[in-house]
file my_file-v8.cif (mmCIF, N, CA and C atoms)
data_start
loop_
_atom_site.label_atom_id
_atom_site.label_comp_id
_atom_site.auth_asym_id
_atom_site.auth_seq_id
_atom_site.Cartn_x
_atom_site.Cartn_y
_atom_site.Cartn_z
N MET A 1 -10.06 -19.60 0.96
CA MET A 1 -9.67 -20.21 -0.29
C MET A 1 -8.14 -20.23 -0.36
N ARG A 2 -7.61 -21.30 -0.85
CA ARG A 2 -6.17 -21.49 -0.98
C ARG A 2 -5.83 -21.74 -2.44
N VAL A 3 -4.58 -21.49 -2.79
CA VAL A 3 -4.11 -21.74 -4.16
C VAL A 3 -4.35 -23.19 -4.54
N SER A 4 -4.16 -24.08 -3.60
CA SER A 4 -4.35 -25.51 -3.88
C SER A 4 -5.81 -25.84 -4.22
N ASP A 5 -6.74 -24.96 -3.89
CA ASP A 5 -8.14 -25.17 -4.23
C ASP A 5 -8.41 -24.96 -5.73
N ILE A 6 -7.48 -24.28 -6.39
CA ILE A 6 -7.62 -24.01 -7.82
C ILE A 6 -6.36 -24.55 -8.51
N PRO A 7 -6.36 -25.80 -8.90
CA PRO A 7 -5.15 -26.43 -9.46
C PRO A 7 -4.55 -25.69 -10.65
N GLU A 8 -5.37 -24.99 -11.41
CA GLU A 8 -4.86 -24.28 -12.58
C GLU A 8 -3.83 -23.22 -12.18
N ILE A 9 -4.01 -22.63 -11.02
CA ILE A 9 -3.08 -21.59 -10.57
C ILE A 9 -1.69 -22.16 -10.35
N THR A 10 -1.61 -23.35 -9.80
CA THR A 10 -0.30 -23.95 -9.54
C THR A 10 0.46 -24.24 -10.83
N LYS A 11 -0.24 -24.33 -11.92
CA LYS A 11 0.41 -24.61 -13.21
C LYS A 11 0.94 -23.34 -13.89
N LEU A 12 0.57 -22.17 -13.37
CA LEU A 12 1.01 -20.92 -13.98
C LEU A 12 2.48 -20.66 -13.67
N SER A 13 3.14 -19.94 -14.56
CA SER A 13 4.51 -19.51 -14.31
C SER A 13 4.47 -18.36 -13.29
N THR A 14 5.60 -18.04 -12.73
CA THR A 14 5.65 -16.93 -11.77
C THR A 14 5.17 -15.62 -12.39
N PRO A 15 5.63 -15.25 -13.60
CA PRO A 15 5.10 -14.00 -14.20
C PRO A 15 3.59 -14.03 -14.39
N GLU A 16 3.05 -15.20 -14.76
CA GLU A 16 1.60 -15.31 -14.94
C GLU A 16 0.87 -15.15 -13.60
N LYS A 17 1.46 -15.71 -12.54
CA LYS A 17 0.86 -15.58 -11.21
C LYS A 17 0.87 -14.11 -10.77
N ILE A 18 1.94 -13.41 -11.05
CA ILE A 18 2.02 -11.99 -10.70
C ILE A 18 0.95 -11.21 -11.43
N LEU A 19 0.77 -11.48 -12.71
CA LEU A 19 -0.29 -10.78 -13.47
C LEU A 19 -1.67 -11.10 -12.91
N LEU A 20 -1.87 -12.35 -12.50
CA LEU A 20 -3.15 -12.73 -11.91
C LEU A 20 -3.39 -11.97 -10.61
N VAL A 21 -2.37 -11.90 -9.78
CA VAL A 21 -2.49 -11.16 -8.51
C VAL A 21 -2.78 -9.69 -8.78
N GLU A 22 -2.11 -9.11 -9.78
CA GLU A 22 -2.37 -7.71 -10.12
C GLU A 22 -3.82 -7.52 -10.55
N ASP A 23 -4.33 -8.45 -11.37
CA ASP A 23 -5.72 -8.35 -11.81
C ASP A 23 -6.68 -8.47 -10.63
N ILE A 24 -6.39 -9.39 -9.73
CA ILE A 24 -7.24 -9.55 -8.55
C ILE A 24 -7.20 -8.28 -7.71
N TRP A 25 -5.99 -7.76 -7.48
CA TRP A 25 -5.86 -6.53 -6.68
C TRP A 25 -6.62 -5.38 -7.33
N ASP A 26 -6.48 -5.23 -8.65
CA ASP A 26 -7.18 -4.15 -9.35
C ASP A 26 -8.69 -4.29 -9.19
N SER A 27 -9.19 -5.52 -9.21
CA SER A 27 -10.64 -5.71 -9.06
C SER A 27 -11.09 -5.35 -7.65
N ILE A 28 -10.24 -5.57 -6.66
CA ILE A 28 -10.56 -5.18 -5.29
C ILE A 28 -10.49 -3.67 -5.15
N ALA A 29 -9.42 -3.08 -5.64
CA ALA A 29 -9.19 -1.64 -5.49
C ALA A 29 -10.21 -0.80 -6.26
N SER A 30 -10.82 -1.37 -7.27
CA SER A 30 -11.77 -0.59 -8.06
C SER A 30 -13.04 -0.27 -7.26
N ASP A 31 -13.28 -1.02 -6.21
CA ASP A 31 -14.43 -0.75 -5.35
C ASP A 31 -13.93 -0.45 -3.95
N GLU A 32 -13.57 0.81 -3.71
CA GLU A 32 -12.97 1.23 -2.45
C GLU A 32 -13.87 0.96 -1.25
N ALA A 33 -15.16 0.90 -1.48
CA ALA A 33 -16.09 0.71 -0.37
C ALA A 33 -15.93 -0.65 0.30
N VAL A 34 -15.43 -1.63 -0.42
CA VAL A 34 -15.30 -2.98 0.16
C VAL A 34 -14.00 -3.14 0.95
N VAL A 35 -13.11 -2.15 0.89
CA VAL A 35 -11.86 -2.21 1.65
C VAL A 35 -11.95 -1.15 2.75
N PRO A 36 -12.36 -1.57 3.94
CA PRO A 36 -12.53 -0.59 5.01
C PRO A 36 -11.19 -0.03 5.49
N VAL A 37 -11.20 1.24 5.83
CA VAL A 37 -10.01 1.89 6.39
C VAL A 37 -10.20 1.95 7.90
N PRO A 38 -9.28 1.36 8.65
CA PRO A 38 -9.42 1.39 10.11
C PRO A 38 -9.45 2.82 10.64
N GLN A 39 -10.22 3.04 11.68
CA GLN A 39 -10.34 4.36 12.28
C GLN A 39 -8.97 4.90 12.70
N SER A 40 -8.10 4.02 13.17
CA SER A 40 -6.76 4.46 13.60
C SER A 40 -5.97 5.04 12.43
N HIS A 41 -6.18 4.53 11.23
CA HIS A 41 -5.49 5.06 10.04
C HIS A 41 -6.03 6.44 9.70
N ILE A 42 -7.34 6.59 9.78
CA ILE A 42 -7.96 7.88 9.49
C ILE A 42 -7.46 8.93 10.47
N GLU A 43 -7.40 8.55 11.75
CA GLU A 43 -6.92 9.48 12.77
C GLU A 43 -5.46 9.86 12.54
N GLU A 44 -4.64 8.90 12.15
CA GLU A 44 -3.23 9.19 11.89
C GLU A 44 -3.08 10.12 10.69
N LEU A 45 -3.84 9.88 9.64
CA LEU A 45 -3.79 10.77 8.48
C LEU A 45 -4.23 12.18 8.84
N ASP A 46 -5.29 12.28 9.64
CA ASP A 46 -5.75 13.59 10.10
C ASP A 46 -4.66 14.30 10.90
N ARG A 47 -4.01 13.57 11.81
CA ARG A 47 -2.95 14.14 12.64
C ARG A 47 -1.81 14.65 11.77
N ARG A 48 -1.42 13.84 10.78
CA ARG A 48 -0.31 14.24 9.91
C ARG A 48 -0.69 15.44 9.05
N PHE A 49 -1.94 15.49 8.59
CA PHE A 49 -2.37 16.62 7.76
C PHE A 49 -2.38 17.91 8.57
N ILE A 50 -2.85 17.84 9.81
CA ILE A 50 -2.85 19.01 10.69
C ILE A 50 -1.41 19.48 10.92
N LYS A 51 -0.52 18.53 11.15
CA LYS A 51 0.90 18.88 11.35
C LYS A 51 1.46 19.55 10.09
N TYR A 52 1.14 19.02 8.93
CA TYR A 52 1.60 19.61 7.67
C TYR A 52 1.05 21.03 7.50
N GLU A 53 -0.24 21.20 7.77
CA GLU A 53 -0.86 22.53 7.60
C GLU A 53 -0.23 23.57 8.52
N SER A 54 0.24 23.15 9.69
CA SER A 54 0.82 24.11 10.63
C SER A 54 2.22 24.54 10.21
N ALA A 55 2.90 23.73 9.40
CA ALA A 55 4.26 24.08 8.94
C ALA A 55 4.54 23.39 7.60
N PRO A 56 3.88 23.86 6.52
CA PRO A 56 4.01 23.18 5.23
C PRO A 56 5.42 23.21 4.65
N GLY A 57 6.26 24.11 5.10
CA GLY A 57 7.62 24.20 4.56
C GLY A 57 8.59 23.21 5.20
N ASN A 58 8.12 22.42 6.16
CA ASN A 58 8.99 21.51 6.88
C ASN A 58 9.06 20.11 6.27
N LEU A 59 8.74 19.99 5.02
CA LEU A 59 8.78 18.69 4.36
C LEU A 59 10.20 18.33 3.96
N LEU A 60 10.48 17.04 3.92
CA LEU A 60 11.79 16.56 3.47
C LEU A 60 11.72 16.24 1.99
N SER A 61 12.83 16.44 1.31
CA SER A 61 12.92 15.98 -0.08
C SER A 61 13.08 14.46 -0.04
N PHE A 62 12.91 13.83 -1.17
CA PHE A 62 13.08 12.38 -1.24
C PHE A 62 14.48 11.98 -0.79
N GLU A 63 15.47 12.73 -1.23
CA GLU A 63 16.86 12.42 -0.89
C GLU A 63 17.10 12.55 0.62
N GLU A 64 16.51 13.60 1.23
CA GLU A 64 16.65 13.78 2.67
C GLU A 64 16.00 12.63 3.44
N LEU A 65 14.84 12.25 2.99
CA LEU A 65 14.14 11.14 3.62
C LEU A 65 14.93 9.84 3.50
N GLN A 66 15.45 9.60 2.31
CA GLN A 66 16.23 8.39 2.07
C GLN A 66 17.48 8.36 2.97
N THR A 67 18.16 9.48 3.10
CA THR A 67 19.34 9.57 3.96
C THR A 67 18.96 9.30 5.41
N LYS A 68 17.85 9.86 5.85
CA LYS A 68 17.38 9.67 7.22
C LYS A 68 17.07 8.19 7.49
N ILE A 69 16.46 7.54 6.52
CA ILE A 69 16.12 6.12 6.67
C ILE A 69 17.40 5.29 6.71
N GLU A 70 18.36 5.59 5.87
CA GLU A 70 19.60 4.84 5.82
C GLU A 70 20.38 4.97 7.13
N LYS A 71 20.31 6.13 7.76
CA LYS A 71 21.01 6.35 9.03
C LYS A 71 20.43 5.50 10.16
N ARG A 72 19.16 5.12 10.04
CA ARG A 72 18.50 4.32 11.08
C ARG A 72 18.93 2.85 11.02
N LYS A 73 19.44 2.41 9.92
CA LYS A 73 19.79 0.99 9.76
C LYS A 73 20.99 0.61 10.58
#

call {"tool": "encode", "arguments": {"input": "my_file-v8.cif", "output": "structure tokens"}}
result
Amino acid sequence: MRVSDIPEITKLSTPEKILLVEDIWDSIASDEAVVPVPQSHIEELDRRFIKYESAPGNLLSFEELQTKIEKRK
């Protein structure tokens, strides 16, 4: 389905389109079972959780993380 398939959407203002997208996203997110999580994502989350459990004090603050990201640019 494309936006052009529903002419009414093309007539909406940008803020109205954003609200529509939010409503659509909320309707999708409300039923988590219909959004499959790839096995690779589950494995990565498991790996990160195990790493966290082995050294929970090694977390970065938001500011530290932001600085680290800025240095990569």

call {"tool": "atom_distance", "arguments": {"input": "my_file-v8.cif", "atom1": "atom N of A:Gly57", "atom2": "atom CA of A:Ile69"}}
result
20.6 Å

call {"tool": "atom_distance", "arguments": {"input": "my_file-v8.cif", "atom1": "atom N of A:Phe49", "atom2": "atom N of A:Glu64"}}
result
20.0 Å

call {"tool": "atom_distance", "arguments": {"input": "my_file-v8.cif", "atom1": "atom CA of A:Thr10", "atom2": "atom N of A:Ile24"}}
result
15.8 Å
